[in-house]
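Shown next: work-v5.tsv, given as TSV, C-alpha atoms.
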chain	number	residue	atom	x	y	z
A	223	MET	CA	0.00	0.00	0.00
A	224	LYS	CA	1.14	3.56	-0.72
A	225	VAL	CA	0.56	6.07	2.07
A	226	LEU	CA	0.84	9.87	2.03
A	227	LEU	CA	1.12	11.50	5.45
A	228	VAL	CA	0.58	15.27	5.46
A	229	PHE	CA	2.17	16.60	8.64
A	230	ALA	CA	1.23	20.01	10.05
A	231	HIS	CA	3.18	20.93	13.18
A	232	PRO	CA	5.80	23.70	13.42
A	233	GLU	CA	8.14	21.76	15.73
A	234	ARG	CA	9.71	18.60	14.36
A	235	HIS	CA	10.92	17.58	17.85
A	236	SER	CA	7.46	17.64	19.38
A	237	LEU	CA	5.14	14.91	20.56
A	238	ASN	CA	3.45	15.23	17.19
A	239	GLY	CA	6.78	14.68	15.51
A	240	ALA	CA	7.45	11.63	17.66
A	241	LEU	CA	4.05	10.17	16.80
A	242	ARG	CA	4.70	10.82	13.14
A	243	ASP	CA	7.88	8.76	13.44
A	244	VAL	CA	5.95	5.97	15.14
A	245	ALA	CA	3.31	5.91	12.40
A	246	VAL	CA	5.82	5.99	9.54
A	247	ALA	CA	8.04	3.31	11.10
A	248	GLU	CA	5.12	0.96	11.71
A	249	LEU	CA	3.72	1.43	8.22
A	250	GLN	CA	7.13	0.78	6.69
A	251	ALA	CA	7.63	-2.27	8.91
A	252	GLN	CA	4.42	-3.66	7.39
A	253	GLY	CA	5.88	-3.19	3.92
A	254	HIS	CA	3.94	-0.06	2.97
A	255	GLU	CA	5.54	2.72	0.94
A	256	VAL	CA	5.29	6.04	2.78
A	257	ARG	CA	5.77	9.61	1.63
A	258	VAL	CA	5.56	12.61	4.00
A	259	SER	CA	4.59	16.19	3.16
A	260	ASP	CA	5.96	18.24	6.08
A	261	LEU	CA	4.19	21.55	5.49
A	262	TYR	CA	6.07	23.74	7.95
A	263	ALA	CA	9.48	22.30	7.03
A	264	GLU	CA	8.74	22.80	3.35
A	265	GLY	CA	7.54	26.38	3.85
A	266	TRP	CA	4.12	25.65	2.38
A	267	LYS	CA	2.31	28.75	1.10
A	268	ALA	CA	-1.00	28.70	2.94
A	269	SER	CA	-3.02	31.49	1.34
A	270	VAL	CA	-4.75	31.45	-2.04
A	271	ASP	CA	-4.04	34.60	-4.07
A	272	ARG	CA	-3.23	35.75	-7.58
A	273	ALA	CA	0.21	34.14	-7.41
A	274	ASP	CA	-1.52	30.77	-7.60
A	275	PHE	CA	-2.71	31.55	-11.12
A	276	PRO	CA	0.31	32.95	-12.98
A	277	GLU	CA	-1.43	32.96	-16.38
A	278	MET	CA	-4.19	35.33	-15.25
A	279	ALA	CA	-4.25	38.73	-16.92
A	280	GLU	CA	-3.27	41.56	-14.57
A	281	ASP	CA	-6.58	43.35	-15.05
A	282	GLU	CA	-8.71	40.21	-14.65
A	283	ARG	CA	-10.85	39.96	-11.52
A	284	LEU	CA	-9.83	37.04	-9.33
A	285	ARG	CA	-12.64	34.52	-8.91
A	286	VAL	CA	-10.90	31.70	-7.10
A	287	ALA	CA	-13.07	28.77	-8.19
A	288	GLY	CA	-13.08	29.84	-11.82
A	289	ALA	CA	-9.37	30.62	-11.88
A	290	SER	CA	-8.62	27.32	-10.17
A	291	GLY	CA	-10.65	25.37	-12.72
A	292	GLN	CA	-9.07	27.14	-15.68
A	293	ALA	CA	-5.57	26.59	-14.33
A	294	PHE	CA	-6.26	22.93	-13.60
A	295	VAL	CA	-7.52	22.27	-17.12
A	296	ALA	CA	-4.63	24.22	-18.64
A	297	GLY	CA	-2.06	22.47	-16.46
A	298	SER	CA	-0.86	25.84	-15.20
A	299	LEU	CA	-1.30	25.39	-11.45
A	300	THR	CA	1.89	26.13	-9.54
A	301	LYS	CA	4.51	23.40	-9.20
A	302	ASP	CA	3.98	22.92	-5.47
A	303	VAL	CA	0.24	22.37	-5.93
A	304	LYS	CA	0.69	19.97	-8.83
A	305	ALA	CA	3.25	17.99	-6.82
A	306	GLU	CA	0.77	17.51	-3.97
A	307	GLN	CA	-2.00	16.52	-6.37
A	308	GLU	CA	0.30	13.91	-7.89
A	309	LYS	CA	0.99	12.55	-4.40
A	310	LEU	CA	-2.75	12.27	-3.72
A	311	LEU	CA	-3.27	10.35	-6.95
A	312	TRP	CA	-0.28	8.13	-6.12
A	313	ALA	CA	-1.38	7.26	-2.58
A	314	ASP	CA	-3.84	4.52	-1.68
A	315	THR	CA	-4.27	6.09	1.77
A	316	LEU	CA	-4.02	9.67	3.00
A	317	ILE	CA	-3.25	10.56	6.62
A	318	LEU	CA	-3.60	14.14	7.85
A	319	GLN	CA	-1.73	14.68	11.12
A	320	PHE	CA	-2.09	17.85	13.17
A	321	PRO	CA	-2.69	19.32	16.64
A	322	LEU	CA	-6.22	20.49	17.32
A	323	TRP	CA	-5.98	24.30	17.50
A	324	TRP	CA	-9.12	26.29	18.23
A	325	TYR	CA	-11.37	23.37	17.33
A	326	SER	CA	-9.81	22.87	13.92
A	327	MET	CA	-6.61	22.23	11.98
A	328	PRO	CA	-3.67	24.66	11.83
A	329	ALA	CA	-4.03	27.35	9.17
A	330	ILE	CA	-1.17	25.92	7.12
A	331	LEU	CA	-3.05	22.63	6.66
A	332	LYS	CA	-6.28	24.41	5.77
A	333	GLY	CA	-4.23	26.34	3.22
A	334	TRP	CA	-2.92	23.08	1.81
A	335	VAL	CA	-6.53	21.98	1.27
A	336	ASP	CA	-7.52	25.36	-0.19
A	337	ARG	CA	-4.75	25.26	-2.77
A	338	VAL	CA	-4.39	21.55	-3.58
A	339	TYR	CA	-8.12	20.80	-3.80
A	340	ALA	CA	-8.47	22.64	-7.10
A	341	PHE	CA	-11.72	23.01	-9.04
A	342	GLY	CA	-11.88	20.07	-11.43
A	343	PHE	CA	-9.63	18.00	-9.17
A	344	ALA	CA	-11.40	17.71	-5.81
A	345	TYR	CA	-14.59	19.68	-6.45
A	346	GLY	CA	-16.62	20.76	-9.45
A	347	VAL	CA	-16.41	17.17	-10.68
A	348	GLY	CA	-19.21	15.21	-12.38
A	349	GLU	CA	-22.47	16.09	-14.08
A	350	ARG	CA	-25.51	17.60	-12.40
A	351	SER	CA	-29.01	16.45	-13.20
A	352	ASP	CA	-32.34	15.74	-11.54
A	353	THR	CA	-30.88	12.60	-9.97
A	354	HIS	CA	-27.15	13.27	-9.65
A	355	TRP	CA	-25.56	16.39	-8.13
A	356	GLY	CA	-21.90	16.12	-9.04
A	357	ASP	CA	-19.40	13.48	-8.00
A	358	ARG	CA	-18.91	14.19	-4.32
A	359	PHE	CA	-19.62	12.83	-0.83
A	360	GLY	CA	-18.66	9.25	-1.60
A	361	GLU	CA	-17.76	9.81	-5.24
A	362	GLY	CA	-15.12	11.86	-6.98
A	363	THR	CA	-11.50	11.95	-8.04
A	364	LEU	CA	-10.25	10.22	-4.89
A	365	ALA	CA	-12.93	7.53	-4.60
A	366	GLY	CA	-11.59	4.08	-3.79
A	367	LYS	CA	-8.85	5.47	-1.53
A	368	ARG	CA	-8.81	5.51	2.27
A	369	ALA	CA	-8.08	8.44	4.58
A	370	MET	CA	-7.83	9.15	8.29
A	371	LEU	CA	-6.75	11.77	10.82
A	372	ILE	CA	-4.10	11.61	13.51
A	373	VAL	CA	-4.98	14.39	15.96
A	374	THR	CA	-3.42	15.53	19.22
A	375	VAL	CA	-5.53	17.37	21.79
A	376	GLY	CA	-4.55	19.23	24.93
A	377	GLY	CA	-7.78	18.58	26.84
A	378	TRP	CA	-9.13	15.48	28.51
A	379	ALA	CA	-11.11	12.86	26.61
A	380	THR	CA	-14.12	13.68	28.81
A	381	HIS	CA	-14.00	17.28	27.59
A	382	TYR	CA	-14.73	15.93	24.08
A	383	ALA	CA	-17.23	13.26	25.09
A	384	PRO	CA	-20.95	13.46	24.16
A	385	ARG	CA	-21.66	15.53	27.31
A	386	GLY	CA	-18.30	17.30	27.40
A	387	VAL	CA	-18.07	21.08	27.35
A	388	ASN	CA	-16.26	21.16	24.01
A	389	GLY	CA	-18.78	18.96	22.26
A	390	PRO	CA	-18.18	15.46	20.91
A	391	ILE	CA	-14.89	15.01	19.08
A	392	GLU	CA	-16.88	13.39	16.25
A	393	ASP	CA	-18.74	16.68	15.74
A	394	ILE	CA	-15.60	18.81	15.97
A	395	LEU	CA	-13.85	16.70	13.33
A	396	PHE	CA	-16.93	16.27	11.12
A	397	PRO	CA	-16.11	19.25	8.85
A	398	ILE	CA	-12.71	17.67	8.16
A	399	ASN	CA	-13.74	14.02	7.95
A	400	HIS	CA	-16.93	14.58	5.99
A	401	GLY	CA	-16.31	17.92	4.32
A	402	ILE	CA	-12.65	17.56	3.33
A	403	LEU	CA	-12.01	13.81	3.12
A	404	TYR	CA	-15.36	12.27	2.21
A	405	TYR	CA	-16.32	15.10	-0.18
A	406	PRO	CA	-13.80	14.18	-2.93
A	407	GLY	CA	-14.47	10.47	-2.48
A	408	TYR	CA	-12.25	9.11	0.26
A	409	THR	CA	-13.44	6.21	2.40
A	410	VAL	CA	-12.91	7.77	5.83
A	411	LEU	CA	-11.59	5.77	8.78
A	412	PRO	CA	-12.27	6.74	12.40
A	413	PRO	CA	-9.65	9.23	13.59
A	414	PHE	CA	-6.83	8.45	15.97
A	415	VAL	CA	-7.03	11.03	18.75
A	416	ALA	CA	-4.50	11.44	21.56
A	417	TYR	CA	-5.70	13.48	24.57
A	418	ARG	CA	-3.86	15.47	27.29
A	419	VAL	CA	-0.73	15.43	25.18
A	420	ASP	CA	0.87	18.36	27.00
A	421	ARG	CA	0.83	16.28	30.20
A	422	LEU	CA	2.19	13.00	28.86
A	423	ASP	CA	5.15	11.44	30.68
A	424	GLU	CA	7.29	8.71	29.11
A	425	ALA	CA	4.91	5.95	30.18
A	426	GLY	CA	1.96	7.90	28.83
A	427	PHE	CA	3.72	8.44	25.52
A	428	GLN	CA	4.55	4.75	25.18
A	429	LYS	CA	0.89	3.89	25.74
A	430	VAL	CA	-0.24	6.33	23.03
A	431	ALA	CA	2.52	5.12	20.70
A	432	ASP	CA	1.43	1.51	21.14
A	433	GLN	CA	-2.17	2.48	20.37
A	434	LEU	CA	-1.04	4.28	17.23
A	435	ARG	CA	0.97	1.26	16.12
A	436	GLU	CA	-2.15	-0.86	16.46
A	437	ARG	CA	-4.07	1.57	14.26
A	438	MET	CA	-1.35	1.49	11.63
A	439	LEU	CA	-1.39	-2.31	11.74
A	440	SER	CA	-5.10	-2.35	10.88
A	441	ILE	CA	-5.21	0.60	8.51
A	442	GLU	CA	-6.15	-1.62	5.56
A	443	THR	CA	-8.96	-3.43	7.41
A	444	THR	CA	-10.43	-0.88	9.83
A	445	ALA	CA	-14.16	-0.38	9.21
A	446	PRO	CA	-14.81	3.14	7.87
A	447	ILE	CA	-17.24	5.72	9.18
A	448	PRO	CA	-20.48	4.79	7.37
A	449	TYR	CA	-21.27	8.17	5.84
A	450	ARG	CA	-24.24	8.32	3.50
A	451	MET	CA	-23.50	8.74	-0.20
A	452	GLN	CA	-24.95	11.93	-1.63
A	453	ASN	CA	-26.12	10.24	-4.84
A	454	GLY	CA	-26.95	6.89	-3.28
A	455	GLY	CA	-30.65	7.60	-2.79
A	456	ASP	CA	-30.63	8.91	0.78
A	457	TYR	CA	-30.83	12.56	-0.26
A	458	GLN	CA	-33.38	14.43	-2.31
A	459	VAL	CA	-31.93	16.10	-5.41
A	460	PRO	CA	-31.49	19.04	-5.89
A	461	SER	CA	-32.28	20.14	-2.31
A	462	LEU	CA	-29.76	17.60	-0.96
A	463	GLU	CA	-31.84	17.14	2.18
A	464	LEU	CA	-31.92	13.74	3.82
A	465	ARG	CA	-35.15	11.95	3.01
A	466	PRO	CA	-37.66	12.42	5.84
A	467	GLU	CA	-38.07	8.71	6.49
A	468	LEU	CA	-34.34	8.28	7.22
A	469	GLY	CA	-32.60	8.95	10.51
A	470	ASP	CA	-34.14	9.16	13.96
A	471	PRO	CA	-37.39	11.18	14.08
A	472	GLY	CA	-36.73	14.73	15.21
A	473	ALA	CA	-32.97	14.33	14.96
A	474	SER	CA	-30.76	16.93	13.29
A	475	GLY	CA	-27.11	17.77	12.95
A	476	PHE	CA	-24.05	15.91	11.81
A	477	GLY	CA	-25.16	12.51	13.08
A	478	LEU	CA	-27.90	12.32	10.45
A	479	HIS	CA	-25.27	11.86	7.77
A	480	VAL	CA	-23.95	8.66	9.30
A	481	ASP	CA	-25.95	5.55	8.41
A	482	ARG	CA	-26.13	3.82	11.78
A	483	THR	CA	-27.75	0.76	10.18
A	484	ARG	CA	-24.40	0.02	8.53
A	485	VAL	CA	-22.27	0.29	11.69
A	486	GLY	CA	-20.49	-2.98	12.30
Can I see the file as structure tokens?
Amino acid sequence: MKVLLVFAHPERHSLNGALRDVAVAELQAQGHEVRVSDLYAEGWKASVDRADFPEMAEDERLRVAGASGQAFVAGSLTKDVKAEQEKLLWADTLILQFPLWWYSMPAILKGWVDRVYAFGFAYGVGERSDTHWGDRFGEGTLAGKRAMLIVTVGGWATHYAPRGVNGPIEDILFPINHGILYYPGYTVLPPFVAYRVDRLDEAGFQKVADQLRERMLSIETTAPIPYRMQNGGDYQVPSLELRPELGDPGASGFGLHVDRTRVG
């Protein structure tokens, strides 16, 4: 299996960096081929601007989606973006690794998504009709590949439990798992989350490292999160609302988009 790990932490000699080494070593020990995109070390440009579209006329108004699509078709996206797209097409599995900062990913990783997920590559794909609304949420360029998150969190696990003050970790990570990974077609595995990482002693680190090794051992067989396919019949087109007979009566929110009947 070919694995791309996109690493987003500014300090290589951090707990995140140590966990990255654990994941890579275990994957390689299993015979997998691993490539790492270290965004901070590589000086990744995080913001989308006119420099991303060098063939645009100086007096042309920047419309990011349109410019992105034109550049993708023309093959004129910048070299760094095209290199990352090639890695995504190469990899069977994508891992995004980052610390949870302000309930989301670091800005540099969001910028990687903003720039690499070009129109025509990760979105704006597929035809739209009365029964099919583009190739996304279970379909798309990256369908057939697996993806997962490795996330470190400063707070306790109870803080991110169903009754925790921060809200369930599944809800916090839903925009990334569902909106960034599932959207272009990835089969999304449950995330690996390490809690209270700022308080870990050596014994605590070894426990987390062992748990991460176990996840890497089963990365090819772990059951994915059973998200509903957009064009699979569960949603009404073009409103893209879940059919009223599906889900628990009166329920709303992110959980509706997980088909609990397929769990296990």
Long-range neighbours of Thr483 (chain A) as a ChimeraX atom specification, 12 Å cut-off, all atoms listed in the file, 4 positions minimum in chain: /A:447-450,468-470,478-479
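Nearest-residue note for Ala344 (chain A): choosing from A:Val258, A:Met438, A:Leu310, A:Leu226, the minimum distance belongs to A:Leu310, counting only C-alpha atoms.
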Go through A:Phe476, A:Trp323, A:Tyr404, A:Tyr339 one by one, measure the shortest atom-to-atom distance of each to Asp357 (chain A) using only C-alpha atoms, and give the residue with the smallest value. A:Tyr404
For each of A:Arg257, A:Ala329, A:His381, A:Pro406, take the minimum atom-to-atom distance to Gly348 (chain A), counting all atoms listed in the file, then give the residue where this is smallest.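 The answer is A:Pro406, which sits nearest to Gly348 (chain A).
Remark: for Arg272 (chain A), the closest of the candidate residues A:Leu299, A:Ala240, A:Leu249, A:Ala369 is A:Leu299 (distances computed over only C-alpha atoms).
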Would you kindly return, as an MDAnalysis selection string, each protein, DNA or RNA residue with an atom no farther than 10 Å from any atom of region 351-356 of chain A, considering only C-alpha atoms and excluding same-chain residues fewer than 3 positions away? chainID A and resid 345:348 359 361:362 452:455 457:462
Out of A:Val228, A:Val480, A:Ala445, A:Ile398, which residue has the shortest atom-to-atom distance to Glu306 (chain A) when counting only C-alpha atoms?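 Selected residue with least distance to Glu306 (chain A): A:Val228.
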When you draw a straight line from CA of Trp312 (chain A) to CA of Glu233 (chain A), how long is it in Å?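 Distance reported for this atom pair: 27.1 Å.
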A:Gly377, A:Pro321, A:Arg242, A:Val295: which is nearest Leu434 (chain A), counting all atoms listed in the file? A:Arg242
Suppose you want the space between CA of Arg350 (chain A) and CA of Ser290 (chain A); what is it in Å? 19.6 Å
From CA of Ala313 (chain A) to CA of Lys367 (chain A) the spacing works out at 7.8 Å
Show me the residues around (-14.2, 26.4, 16.6) - criterion: an atom at most 12 Å away, only C-alpha atoms counted - as a PDB file with C-alpha atoms, keeping the file's coordinate frame.
ATOM      1  CA  LEU A 322      -6.220  20.490  17.320  1.00  0.00           C
ATOM      2  CA  TRP A 323      -5.980  24.300  17.500  1.00  0.00           C
ATOM      3  CA  TRP A 324      -9.120  26.290  18.230  1.00  0.00           C
ATOM      4  CA  TYR A 325     -11.370  23.370  17.330  1.00  0.00           C
ATOM      5  CA  SER A 326      -9.810  22.870  13.920  1.00  0.00           C
ATOM      6  CA  MET A 327      -6.610  22.230  11.980  1.00  0.00           C
ATOM      7  CA  PRO A 328      -3.670  24.660  11.830  1.00  0.00           C
ATOM      8  CA  ASN A 388     -16.260  21.160  24.010  1.00  0.00           C
ATOM      9  CA  GLY A 389     -18.780  18.960  22.260  1.00  0.00           C
ATOM     10  CA  ILE A 391     -14.890  15.010  19.080  1.00  0.00           C
ATOM     11  CA  ASP A 393     -18.740  16.680  15.740  1.00  0.00           C
ATOM     12  CA  ILE A 394     -15.600  18.810  15.970  1.00  0.00           C
ATOM     13  CA  LEU A 395     -13.850  16.700  13.330  1.00  0.00           C
ATOM     14  CA  PHE A 396     -16.930  16.270  11.120  1.00  0.00           C
ATOM     15  CA  PRO A 397     -16.110  19.250   8.850  1.00  0.00           C
TER      16      PRO A 397
END
Contact residues around Lys267 (chain A) with only C-alpha atoms at 9 Å, ignoring same-chain residues under 4 positions, as number ranges by chain: A: 261, 302, 330, 333-334, 337
